[in-house]
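Participant: File entry-v8.tsv follows (TSV, C-alpha atoms):
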chain	number	residue	atom	x	y	z
O	1	MET	CA	145.57	133.27	-13.67
O	2	LYS	CA	147.88	131.06	-11.78
O	3	GLU	CA	146.93	132.65	-8.45
O	4	GLU	CA	143.23	132.27	-9.18
O	5	LYS	CA	143.80	128.55	-9.90
O	6	VAL	CA	145.50	128.05	-6.55
O	7	GLY	CA	142.71	129.81	-4.68
O	8	GLN	CA	140.12	127.72	-6.43
O	9	ASP	CA	141.92	124.49	-5.45
O	10	GLU	CA	142.09	125.48	-1.79
O	11	GLY	CA	138.38	126.33	-1.76
O	12	GLU	CA	137.49	122.99	-3.23
O	13	LYS	CA	139.72	121.27	-0.63
O	14	ARG	CA	137.91	123.01	2.27
O	15	VAL	CA	134.55	122.08	0.83
O	16	LEU	CA	135.59	118.45	0.64
O	17	GLU	CA	136.80	118.51	4.28
O	18	LEU	CA	133.50	120.01	5.41
O	19	VAL	CA	131.58	117.38	3.48
O	20	ASP	CA	133.67	114.62	5.18
O	21	ARG	CA	133.07	116.07	8.64
O	22	LEU	CA	129.37	116.34	8.00
O	23	ALA	CA	129.26	112.73	6.87
O	24	ALA	CA	131.20	111.66	10.00
O	25	GLN	CA	128.81	113.55	12.23
O	26	LYS	CA	125.84	111.88	10.59
O	27	ARG	CA	127.39	108.47	11.35
O	28	VAL	CA	127.60	109.27	15.13
O	29	ASP	CA	124.75	107.65	17.18
O	30	VAL	CA	124.18	110.40	19.70
O	31	ASP	CA	121.39	108.59	21.54
O	32	ARG	CA	123.45	105.42	22.04
O	33	ASN	CA	126.50	107.33	23.27
O	34	TRP	CA	124.35	109.33	25.68
O	35	ALA	CA	122.81	106.12	27.02
O	36	GLN	CA	126.26	104.64	27.59
O	37	LEU	CA	127.36	107.78	29.44
O	38	GLU	CA	124.28	107.68	31.65
O	39	GLN	CA	124.95	103.99	32.43
O	40	ARG	CA	128.54	104.77	33.49
O	41	ILE	CA	127.32	107.61	35.69
O	42	ARG	CA	124.75	105.34	37.37
O	43	LYS	CA	127.40	102.65	38.02
O	44	GLU	CA	129.76	105.18	39.55
O	45	GLU	CA	127.01	106.54	41.80
O	46	GLN	CA	126.10	103.00	42.88
O	47	ARG	CA	129.75	102.21	43.66
O	48	MET	CA	130.05	105.38	45.75
O	49	ARG	CA	126.87	104.52	47.65
O	50	TRP	CA	128.24	101.03	48.48
O	51	TYR	CA	131.57	102.53	49.54
O	52	ARG	CA	129.84	105.01	51.88
O	53	PHE	CA	127.66	102.19	53.30
O	54	ILE	CA	130.60	99.89	53.96
O	55	ARG	CA	132.60	102.72	55.53
O	56	SER	CA	129.69	103.61	57.81
O	57	ALA	CA	129.08	99.95	58.73
O	58	ALA	CA	132.78	99.46	59.55
O	59	ALA	CA	132.75	102.54	61.77
O	60	ILE	CA	129.62	101.27	63.57
O	61	LEU	CA	131.01	97.73	64.08
O	62	LEU	CA	134.52	98.80	65.06
O	63	LEU	CA	133.65	99.79	68.62
O	64	PRO	CA	131.78	96.53	69.46
O	65	ALA	CA	134.61	94.54	67.90
O	66	LEU	CA	137.18	96.36	70.03
O	67	LEU	CA	135.05	95.89	73.16
O	68	LEU	CA	134.60	92.17	72.40
O	69	SER	CA	138.34	91.73	71.80
O	70	GLY	CA	139.15	93.46	75.09
O	71	PHE	CA	136.58	91.35	76.94
O	72	LEU	CA	137.95	88.08	75.54
O	73	TYR	CA	141.57	89.08	76.19
O	74	TYR	CA	140.83	90.07	79.80
O	75	HIS	CA	138.91	86.90	80.61
O	76	LEU	CA	141.47	84.71	78.85
O	77	ARG	CA	144.17	86.15	81.10
O	78	GLU	CA	141.92	85.55	84.09
O	79	LEU	CA	141.40	81.92	83.06
O	80	GLN	CA	145.13	81.44	82.62
O	81	GLN	CA	145.74	82.70	86.14
O	82	LEU	CA	143.14	80.42	87.75
O	83	PRO	CA	144.60	77.47	89.67
O	84	ALA	CA	144.58	74.38	87.49
O	85	GLU	CA	142.78	71.26	88.64
O	86	GLN	CA	145.09	69.02	90.66
O	87	VAL	CA	145.61	65.38	89.71
O	88	GLU	CA	146.75	62.72	92.18
O	89	LEU	CA	148.63	59.64	90.98
O	90	THR	CA	149.38	56.80	93.40
O	91	THR	CA	151.51	53.77	92.56
O	92	ALA	CA	150.70	50.42	94.14
O	93	TYR	CA	153.38	48.51	96.01
O	94	GLY	CA	155.60	46.47	93.74
O	95	MET	CA	154.64	48.61	90.73
O	96	ILE	CA	156.19	51.55	88.83
O	97	SER	CA	154.18	54.26	87.09
O	98	LYS	CA	155.18	56.82	84.47
O	99	ILE	CA	153.44	60.11	83.71
O	100	ILE	CA	154.12	62.88	81.18
O	101	LEU	CA	153.21	66.30	82.57
O	102	SER	CA	151.61	69.13	80.57
O	103	ASP	CA	154.99	70.78	79.92
O	104	GLY	CA	156.47	67.56	78.51
O	105	SER	CA	158.42	66.60	81.66
O	106	GLU	CA	158.53	62.86	82.40
O	107	VAL	CA	158.13	61.35	85.86
O	108	TRP	CA	158.64	57.76	87.01
O	109	LEU	CA	156.88	56.98	90.28
O	110	ASN	CA	158.22	54.21	92.52
O	111	SER	CA	156.33	51.64	94.57
O	112	GLY	CA	154.02	53.06	97.26
O	113	SER	CA	154.47	56.68	96.07
O	114	LYS	CA	152.10	59.55	95.38
O	115	LEU	CA	152.48	62.54	93.05
O	116	VAL	CA	150.12	65.53	93.01
O	117	TYR	CA	150.41	67.74	89.92
O	118	PRO	CA	148.25	70.25	87.99
O	119	GLN	CA	146.58	69.44	84.68
O	120	ARG	CA	148.41	72.49	83.32
O	121	PHE	CA	151.10	74.67	84.85
O	122	VAL	CA	150.29	78.34	85.57
O	123	GLY	CA	152.41	81.14	86.96
O	124	LYS	CA	156.18	81.38	87.17
O	125	HIS	CA	156.81	78.01	88.82
O	126	ARG	CA	155.95	74.47	87.78
O	127	GLU	CA	155.08	72.83	91.10
O	128	VAL	CA	154.42	69.19	91.97
O	129	TYR	CA	154.07	67.49	95.35
O	130	LEU	CA	155.74	64.17	96.12
O	131	SER	CA	155.28	61.61	98.84
O	132	GLY	CA	157.51	58.63	98.14
O	133	GLU	CA	160.13	58.28	95.44
O	134	ALA	CA	160.21	59.60	91.88
O	135	TYR	CA	162.67	60.13	89.05
O	136	PHE	CA	162.19	63.40	87.16
O	137	LYS	CA	163.27	64.20	83.61
O	138	VAL	CA	162.40	67.90	83.52
O	139	LYS	CA	161.64	69.67	80.23
O	140	SER	CA	164.02	72.61	79.90
O	141	ASP	CA	162.40	76.03	80.45
O	142	SER	CA	164.65	78.80	81.74
O	143	SER	CA	161.65	81.06	82.45
O	144	HIS	CA	159.67	78.62	84.61
O	145	ARG	CA	161.40	76.83	87.48
O	146	PHE	CA	160.35	73.25	88.24
O	147	ASP	CA	159.80	72.62	91.97
O	148	VAL	CA	159.32	69.27	93.69
O	149	LYS	CA	157.87	69.87	97.14
O	150	THR	CA	157.74	67.33	99.96
O	151	SER	CA	155.67	67.18	103.15
O	152	ASP	CA	158.80	67.92	105.18
O	153	GLY	CA	159.26	71.37	103.67
O	154	ILE	CA	162.10	70.34	101.34
O	155	THR	CA	161.94	71.77	97.80
O	156	VAL	CA	164.07	70.42	94.96
O	157	SER	CA	164.32	72.96	92.11
O	158	ALA	CA	165.57	72.77	88.52
O	159	TYR	CA	165.02	74.37	85.12
O	160	GLY	CA	165.70	71.31	82.97
O	161	THR	CA	167.59	68.25	84.14
O	162	GLU	CA	167.27	64.71	85.55
O	163	PHE	CA	167.20	63.82	89.23
O	164	ASN	CA	165.78	61.41	91.79
O	165	VAL	CA	163.91	62.37	94.96
O	166	GLN	CA	163.10	59.96	97.79
O	167	ALA	CA	160.72	61.43	100.37
O	168	TYR	CA	158.61	58.76	102.04
O	169	ALA	CA	156.60	60.21	104.92
O	170	ASP	CA	157.57	57.41	107.31
O	171	GLU	CA	161.29	57.53	106.52
O	172	SER	CA	163.82	59.36	108.69
O	173	ARG	CA	165.37	61.29	105.80
O	174	VAL	CA	164.78	62.87	102.40
O	175	GLU	CA	167.23	62.14	99.58
O	176	ALA	CA	167.85	64.09	96.39
O	177	THR	CA	170.22	62.59	93.80
O	178	LEU	CA	171.35	64.42	90.66
O	179	ALA	CA	171.88	62.51	87.40
O	180	GLU	CA	172.41	65.41	84.95
O	181	GLY	CA	172.62	69.20	84.99
O	182	ASN	CA	172.13	70.85	88.37
O	183	ILE	CA	169.50	71.15	91.09
O	184	THR	CA	169.03	73.17	94.25
O	185	VAL	CA	167.74	71.57	97.44
O	186	GLU	CA	166.44	73.91	100.10
O	187	HIS	CA	164.38	74.20	103.24
O	188	PRO	CA	163.80	77.97	103.79
O	189	GLU	CA	162.64	77.60	107.39
O	190	TYR	CA	165.81	75.83	108.54
O	191	GLN	CA	168.25	77.65	106.21
O	192	VAL	CA	169.04	74.57	104.19
O	193	LYS	CA	170.24	75.30	100.65
O	194	GLU	CA	172.61	73.17	98.58
O	195	THR	CA	173.43	73.03	94.88
O	196	LEU	CA	174.33	69.55	93.62
O	197	LYS	CA	176.62	68.30	90.88
O	198	PRO	CA	175.92	65.16	88.79
O	199	GLY	CA	176.55	62.01	90.83
O	200	GLU	CA	175.95	63.76	94.17
O	201	GLN	CA	173.24	63.03	96.71
O	202	LEU	CA	171.99	65.29	99.46
O	203	ARG	CA	170.43	63.63	102.49
O	204	TYR	CA	168.25	65.70	104.83
O	205	PHE	CA	167.73	64.11	108.23
O	206	LYS	CA	164.34	65.11	109.58
O	207	LYS	CA	165.00	64.65	113.30
O	208	ASP	CA	168.06	66.87	113.72
O	209	ARG	CA	167.49	68.92	110.51
O	210	GLN	CA	171.01	68.26	109.30
O	211	THR	CA	172.25	67.56	105.78
O	212	ASP	CA	174.88	65.28	104.32
O	213	LEU	CA	176.29	65.69	100.79
O	214	ARG	CA	178.00	62.66	99.26
O	215	ALA	CA	178.93	60.97	95.98
O	216	VAL	CA	176.83	57.91	95.11
O	217	ASN	CA	176.48	55.16	92.54
O	218	LEU	CA	173.83	56.50	90.17
O	219	SER	CA	173.03	53.06	88.81
O	220	ALA	CA	172.25	51.76	92.27
O	221	GLU	CA	170.18	54.79	93.24
O	222	THR	CA	168.02	54.82	90.10
O	223	ALA	CA	167.87	51.12	89.14
O	224	TRP	CA	164.29	50.93	90.44
O	225	ARG	CA	163.17	52.98	87.41
O	226	GLU	CA	163.96	49.94	85.25
O	227	GLY	CA	162.18	47.57	87.63
O	228	LYS	CA	165.41	46.46	89.32
O	229	ILE	CA	166.41	46.15	92.97
O	230	LEU	CA	170.16	46.74	93.00
O	231	PHE	CA	172.47	46.36	96.00
O	232	ARG	CA	176.16	47.33	95.95
O	233	ARG	CA	177.82	46.56	99.28
O	234	THR	CA	174.54	47.51	100.88
O	235	SER	CA	173.98	46.95	104.59
O	236	MET	CA	171.33	44.47	105.69
O	237	LYS	CA	169.45	47.33	107.35
O	238	GLU	CA	169.17	49.13	104.02
O	239	VAL	CA	168.34	45.88	102.20
O	240	ALA	CA	165.48	45.29	104.62
O	241	ARG	CA	164.24	48.85	104.17
O	242	GLN	CA	164.13	48.59	100.37
O	243	LEU	CA	162.53	45.14	100.35
O	244	SER	CA	159.95	46.26	102.89
O	245	ARG	CA	159.02	49.21	100.68
O	246	HIS	CA	158.94	47.27	97.44
O	247	PHE	CA	156.89	44.30	98.69
O	248	ASN	CA	154.84	46.16	101.34
O	249	VAL	CA	155.92	43.91	104.21
O	250	ASP	CA	157.27	44.52	107.69
O	251	ILE	CA	160.84	43.20	108.06
O	252	GLN	CA	162.27	42.74	111.53
O	253	LEU	CA	165.99	42.23	112.07
O	254	GLN	CA	166.94	40.33	115.21
O	255	GLY	CA	170.51	40.83	116.40
O	256	GLN	CA	172.87	43.78	115.86
O	257	GLU	CA	175.38	41.61	113.98
O	258	ILE	CA	172.85	41.11	111.17
O	259	CYS	CA	172.71	44.86	110.55
O	260	ASP	CA	176.44	44.84	109.77
O	261	TYR	CA	176.16	42.33	106.92
O	262	SER	CA	176.49	43.80	103.44
O	263	TYR	CA	175.22	42.52	100.09
O	264	SER	CA	175.83	43.04	96.40
O	265	ALA	CA	173.12	41.71	94.12
O	266	THR	CA	170.68	42.67	91.37
O	267	PHE	CA	167.08	41.46	91.37
O	268	THR	CA	164.57	41.97	88.58
O	269	THR	CA	161.61	39.58	88.52
O	270	GLU	CA	162.33	37.58	91.67
O	271	THR	CA	159.62	37.22	94.30
O	272	LEU	CA	160.17	38.10	97.96
O	273	THR	CA	160.49	34.42	98.84
O	274	GLU	CA	163.14	33.89	96.15
O	275	ILE	CA	165.13	36.94	97.29
O	276	LEU	CA	165.07	35.84	100.94
O	277	SER	CA	166.21	32.37	99.92
O	278	LEU	CA	169.19	33.88	98.04
O	279	LEU	CA	170.07	36.04	101.05
O	280	GLU	CA	170.12	32.96	103.26
O	281	LYS	CA	172.64	31.34	100.91
O	282	THR	CA	175.09	34.26	101.14
O	283	ALA	CA	175.04	34.87	104.92
O	284	PRO	CA	174.44	32.88	108.15
O	285	ILE	CA	170.86	34.02	108.56
O	286	GLN	CA	167.39	32.51	108.67
O	287	CYS	CA	164.32	34.20	107.19
O	288	GLU	CA	160.81	33.48	108.43
O	289	ILE	CA	157.72	34.73	106.58
O	290	ILE	CA	154.62	35.28	108.73
O	291	GLU	CA	151.49	35.50	106.65
O	292	PRO	CA	148.77	38.10	107.39
O	293	GLU	CA	146.25	37.18	110.07
O	294	GLN	CA	142.71	38.39	110.52
O	295	GLN	CA	142.29	40.69	113.51
O	296	SER	CA	139.34	41.12	115.86
O	297	ASP	CA	138.04	43.98	113.71
O	298	TYR	CA	138.12	41.65	110.68
O	299	ALA	CA	141.05	43.57	109.14
O	300	PHE	CA	144.22	41.68	108.18
O	301	SER	CA	147.67	42.40	109.54
O	302	ARG	CA	150.56	43.08	107.16
O	303	LYS	CA	152.81	40.27	106.07
O	304	ARG	CA	155.92	40.09	108.25
O	305	VAL	CA	159.42	38.79	107.74
O	306	VAL	CA	161.70	37.99	110.65
O	307	ILE	CA	165.43	37.69	109.90
O	308	ARG	CA	167.59	36.22	112.64
O	309	PRO	CA	171.16	34.85	112.82
O	310	LEU	CA	171.73	31.13	112.67
Re-express the file's structure as structure tokens.
Facilitator:
Amino acid sequence: MKEEKVGQDEGEKRVLELVDRLAAQKRVDVDRNWAQLEQRIRKEEQRMRWYRFIRSAAAILLLPALLLSGFLYYHLRELQQLPAEQVELTTAYGMISKIILSDGSEVWLNSGSKLVYPQRFVGKHREVYLSGEAYFKVKSDSSHRFDVKTSDGITVSAYGTEFNVQAYADESRVEATLAEGNITVEHPEYQVKETLKPGEQLRYFKKDRQTDLRAVNLSAETAWREGKILFRRTSMKEVARQLSRHFNVDIQLQGQEICDYSYSATFTTETLTEILSLLEKTAPIQCEIIEPEQQSDYAFSRKRVVIRPL
């Protein structure tokens, strides 16, 4: 009897489980679940179609993009190699100009001077052309040498330093003076090549193609950059040369003894007349200013100054 009771209980338990399952199945919304499944399938198919489209489009556009990139890169390199437009800066007599080049280098241009430089530097060398006098503060660049070329074939080279170059076309010599760092002065045709130290000046004499290396007073050599005319035991011949250049006048010295006089003075805002008056007070000389005169072709002659001994 006991065994029959146990069997009956298990049968009833199974029946109850089957009834619960049947009730659970009746609660399931088959149509709704099937609709949700279909919606997920459609979304996945749509995503795959977009993926295949984008992949195909990328493959189609890749070649033109590569061709365009190559074209732009090639022509950009070509443009970079083209000679840059040259700019010419001329400073009037009695004036000083300053220019900042495309590489950041600074240049002061003295009275009656001309500098030709590119709008942008291309190639291995940074090249400028000077006629007259200029002070250069070169931006350091160890990969691109900075060259100052003159009409006489002299080239002053540096990679980043400060120096002064005087190369007037009508002067008998070219001068290069080093303030900081180091520079090389060379003339390849005549085997001229010198490396300077700070405070040194190399003079190249055009007529005999000889050079002279000497120590100089940097303050005296570069005072013009600050608008000063500075003489330190300077001969009258050199005084006349500098005044002639600064004021654009012809100065004639009469008598060899005058050339041997030396002067020490600093001038800033003084006029030519005031400077000549001061010179007369420090030496037995007389200065005569001859104003410009109109010529037969209606042009005017240059102002002249005649300096003679008393």
Participant: Tell me which residues come within 9 Å of (170.3, 62.5, 100.9), as a list in words, counting only C-alpha atoms in the file's coordinates.
Facilitator: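 So the residues meeting the distance criterion are Val165, Gln166, Arg173, Val174, Glu175, Ala176, Thr177, Glu200, Gln201, Leu202, Arg203, Tyr204, Phe205, Thr211, Asp212, Leu213 and Arg214 of chain O.
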Participant: Between atom CA of Gly160 of chain O and atom CA of Lys124 of chain O, what is the spacing in Å?
Facilitator: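 One can read the atom CA of Lys124 of chain O to atom CA of Gly160 of chain O distance as 14.5 Å.
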Participant: Any idea what the distance is between atom CA of Ala223 of chain O and atom CA of Val107 of chain O?
Facilitator: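 Going from atom CA of Ala223 of chain O over to atom CA of Val107 of chain O covers 14.5 Å.
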Participant: For segment 48-57 of chain O, what centre and edge lengths in Å (one decimal) does the axis-aligned box get once 8 Å is added on each side of all its listed atoms, as lines of an AutoDock Vina configuration file?
Facilitator:
center_x = 129.7
center_y = 102.6
center_z = 52.2
size_x = 21.7
size_y = 21.5
size_z = 29.0
Participant: Using all atoms listed in the file, which residues of segment 151-264 of chain O come within 12 Å of segment 288-292 of chain O, and what is the closest atom pair for each, with the distance in Å to one decimal? Give it as CSV, sorted by chain and residue number.
Facilitator:
residue,atom,partner,partner_atom,distance
O:Asn248,CA,O:Pro292,CA,11.8
O:Val249,CA,O:Ile289,CA,9.7
O:Asp250,CA,O:Ile290,CA,9.7
O:Ile251,CA,O:Ile289,CA,9.1
O:Gln252,CA,O:Glu288,CA,9.9
O:Leu253,CA,O:Glu288,CA,10.8
O:Gln254,CA,O:Glu288,CA,11.4
Participant: What does the distance from atom CA of Thr155 of chain O to atom CA of Gln210 of chain O come to in Å, to one decimal?
Facilitator: 15.1 Å
Participant: Could you build a table of the residues in segment 214-274 of chain O lying no more than 12 Å from segment 83-99 of chain O, giving for each the nearest pair of atoms and their separation in Å rounded to one decimal place, using all atoms listed in the file, ordered by chain and ascending residue number, as JSON lines?
Facilitator:
{"residue": "O:Ala223", "atom": "CA", "partner": "O:Ile96", "partner_atom": "CA", "distance": 11.7}
{"residue": "O:Trp224", "atom": "CA", "partner": "O:Ile96", "partner_atom": "CA", "distance": 8.3}
{"residue": "O:Arg225", "atom": "CA", "partner": "O:Ile96", "partner_atom": "CA", "distance": 7.3}
{"residue": "O:Glu226", "atom": "CA", "partner": "O:Ile96", "partner_atom": "CA", "distance": 8.7}
{"residue": "O:Gly227", "atom": "CA", "partner": "O:Ile96", "partner_atom": "CA", "distance": 7.3}
{"residue": "O:Lys228", "atom": "CA", "partner": "O:Ile96", "partner_atom": "CA", "distance": 10.5}
{"residue": "O:Ile229", "atom": "CA", "partner": "O:Gly94", "partner_atom": "CA", "distance": 10.8}
{"residue": "O:Gln242", "atom": "CA", "partner": "O:Gly94", "partner_atom": "CA", "distance": 11.0}
{"residue": "O:Leu243", "atom": "CA", "partner": "O:Gly94", "partner_atom": "CA", "distance": 9.7}
{"residue": "O:Ser244", "atom": "CA", "partner": "O:Tyr93", "partner_atom": "CA", "distance": 9.8}
{"residue": "O:Arg245", "atom": "CA", "partner": "O:Tyr93", "partner_atom": "CA", "distance": 7.4}
{"residue": "O:His246", "atom": "CA", "partner": "O:Gly94", "partner_atom": "CA", "distance": 5.0}
{"residue": "O:Phe247", "atom": "CA", "partner": "O:Gly94", "partner_atom": "CA", "distance": 5.6}
{"residue": "O:Asn248", "atom": "CA", "partner": "O:Tyr93", "partner_atom": "CA", "distance": 6.0}
{"residue": "O:Val249", "atom": "CA", "partner": "O:Tyr93", "partner_atom": "CA", "distance": 9.7}
{"residue": "O:Thr268", "atom": "CA", "partner": "O:Gly94", "partner_atom": "CA", "distance": 11.3}
{"residue": "O:Thr269", "atom": "CA", "partner": "O:Gly94", "partner_atom": "CA", "distance": 10.5}
{"residue": "O:Glu270", "atom": "CA", "partner": "O:Gly94", "partner_atom": "CA", "distance": 11.3}
{"residue": "O:Thr271", "atom": "CA", "partner": "O:Gly94", "partner_atom": "CA", "distance": 10.1}
{"residue": "O:Leu272", "atom": "CA", "partner": "O:Gly94", "partner_atom": "CA", "distance": 10.4}
Participant: Complete the atom set of segment 123-132 of chain O to all heavy atoms and return it as an mmCIF file, in the coordinates of the input.
Facilitator:
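So the final result, stored in rebuild_30.cif, reads:
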data_model
loop_
_atom_site.group_PDB
_atom_site.id
_atom_site.type_symbol
_atom_site.label_atom_id
_atom_site.label_comp_id
_atom_site.auth_asym_id
_atom_site.auth_seq_id
_atom_site.Cartn_x
_atom_site.Cartn_y
_atom_site.Cartn_z
ATOM 1 N N GLY O 123 151.498 80.342 86.146
ATOM 2 C CA GLY O 123 152.410 81.140 86.960
ATOM 3 C C GLY O 123 153.862 80.902 86.602
ATOM 4 O O GLY O 123 154.200 80.252 85.604
ATOM 5 N N LYS O 124 154.749 81.431 87.444
ATOM 6 C CA LYS O 124 156.180 81.380 87.170
ATOM 7 C C LYS O 124 156.798 80.021 87.459
ATOM 8 O O LYS O 124 157.801 79.641 86.862
ATOM 9 C CB LYS O 124 156.907 82.447 87.999
ATOM 10 C CG LYS O 124 156.609 83.879 87.569
ATOM 11 C CD LYS O 124 157.440 84.865 88.382
ATOM 12 C CE LYS O 124 157.188 86.290 87.921
ATOM 13 N NZ LYS O 124 158.012 87.264 88.691
ATOM 14 N N HIS O 125 156.216 79.283 88.402
ATOM 15 C CA HIS O 125 156.810 78.010 88.820
ATOM 16 C C HIS O 125 155.943 76.829 88.393
ATOM 17 O O HIS O 125 154.712 76.906 88.407
ATOM 18 C CB HIS O 125 156.978 77.977 90.347
ATOM 19 C CG HIS O 125 157.951 78.989 90.848
ATOM 20 N ND1 HIS O 125 158.134 79.248 92.183
ATOM 21 C CD2 HIS O 125 158.808 79.795 90.194
ATOM 22 C CE1 HIS O 125 159.054 80.181 92.331
ATOM 23 N NE2 HIS O 125 159.478 80.530 91.135
ATOM 24 N N ARG O 126 156.631 75.745 88.040
ATOM 25 C CA ARG O 126 155.950 74.470 87.780
ATOM 26 C C ARG O 126 156.102 73.637 89.049
ATOM 27 O O ARG O 126 157.190 73.168 89.351
ATOM 28 C CB ARG O 126 156.602 73.771 86.582
ATOM 29 C CG ARG O 126 156.512 74.546 85.273
ATOM 30 C CD ARG O 126 157.353 73.902 84.175
ATOM 31 N NE ARG O 126 158.774 74.157 84.355
ATOM 32 C CZ ARG O 126 159.736 73.569 83.645
ATOM 33 N NH1 ARG O 126 159.416 72.669 82.720
ATOM 34 N NH2 ARG O 126 161.002 73.873 83.853
ATOM 35 N N GLU O 127 155.008 73.473 89.792
ATOM 36 C CA GLU O 127 155.080 72.830 91.100
ATOM 37 C C GLU O 127 154.369 71.490 91.111
ATOM 38 O O GLU O 127 153.245 71.375 90.611
ATOM 39 C CB GLU O 127 154.471 73.731 92.174
ATOM 40 C CG GLU O 127 155.257 75.004 92.434
ATOM 41 C CD GLU O 127 154.674 75.825 93.565
ATOM 42 O OE1 GLU O 127 153.538 75.520 94.001
ATOM 43 O OE2 GLU O 127 155.345 76.770 94.006
ATOM 44 N N VAL O 128 155.039 70.490 91.711
ATOM 45 C CA VAL O 128 154.420 69.190 91.970
ATOM 46 C C VAL O 128 154.731 68.821 93.415
ATOM 47 O O VAL O 128 155.673 69.346 94.028
ATOM 48 C CB VAL O 128 154.949 68.102 91.008
ATOM 49 C CG1 VAL O 128 154.650 68.467 89.558
ATOM 50 C CG2 VAL O 128 156.454 67.880 91.198
ATOM 51 N N TYR O 129 153.911 67.908 93.953
ATOM 52 C CA TYR O 129 154.070 67.490 95.350
ATOM 53 C C TYR O 129 154.286 65.983 95.392
ATOM 54 O O TYR O 129 153.506 65.223 94.818
ATOM 55 C CB TYR O 129 152.840 67.901 96.162
ATOM 56 C CG TYR O 129 152.641 69.395 96.197
ATOM 57 C CD1 TYR O 129 151.946 70.039 95.180
ATOM 58 C CD2 TYR O 129 153.168 70.166 97.230
ATOM 59 C CE1 TYR O 129 151.773 71.417 95.186
ATOM 60 C CE2 TYR O 129 152.992 71.544 97.248
ATOM 61 C CZ TYR O 129 152.302 72.164 96.225
ATOM 62 O OH TYR O 129 152.143 73.529 96.232
ATOM 63 N N LEU O 130 155.343 65.581 96.098
ATOM 64 C CA LEU O 130 155.740 64.170 96.120
ATOM 65 C C LEU O 130 155.730 63.609 97.521
ATOM 66 O O LEU O 130 156.226 64.224 98.462
ATOM 67 C CB LEU O 130 157.145 64.020 95.525
ATOM 68 C CG LEU O 130 157.775 62.622 95.618
ATOM 69 C CD1 LEU O 130 157.020 61.633 94.738
ATOM 70 C CD2 LEU O 130 159.250 62.673 95.233
ATOM 71 N N SER O 131 155.154 62.418 97.630
ATOM 72 C CA SER O 131 155.280 61.610 98.840
ATOM 73 C C SER O 131 155.718 60.231 98.375
ATOM 74 O O SER O 131 154.943 59.510 97.738
ATOM 75 C CB SER O 131 153.943 61.527 99.593
ATOM 76 O OG SER O 131 154.057 60.652 100.693
ATOM 77 N N GLY O 132 156.964 59.884 98.657
ATOM 78 C CA GLY O 132 157.510 58.630 98.140
ATOM 79 C C GLY O 132 158.765 58.887 97.347
ATOM 80 O O GLY O 132 159.576 59.748 97.701
#
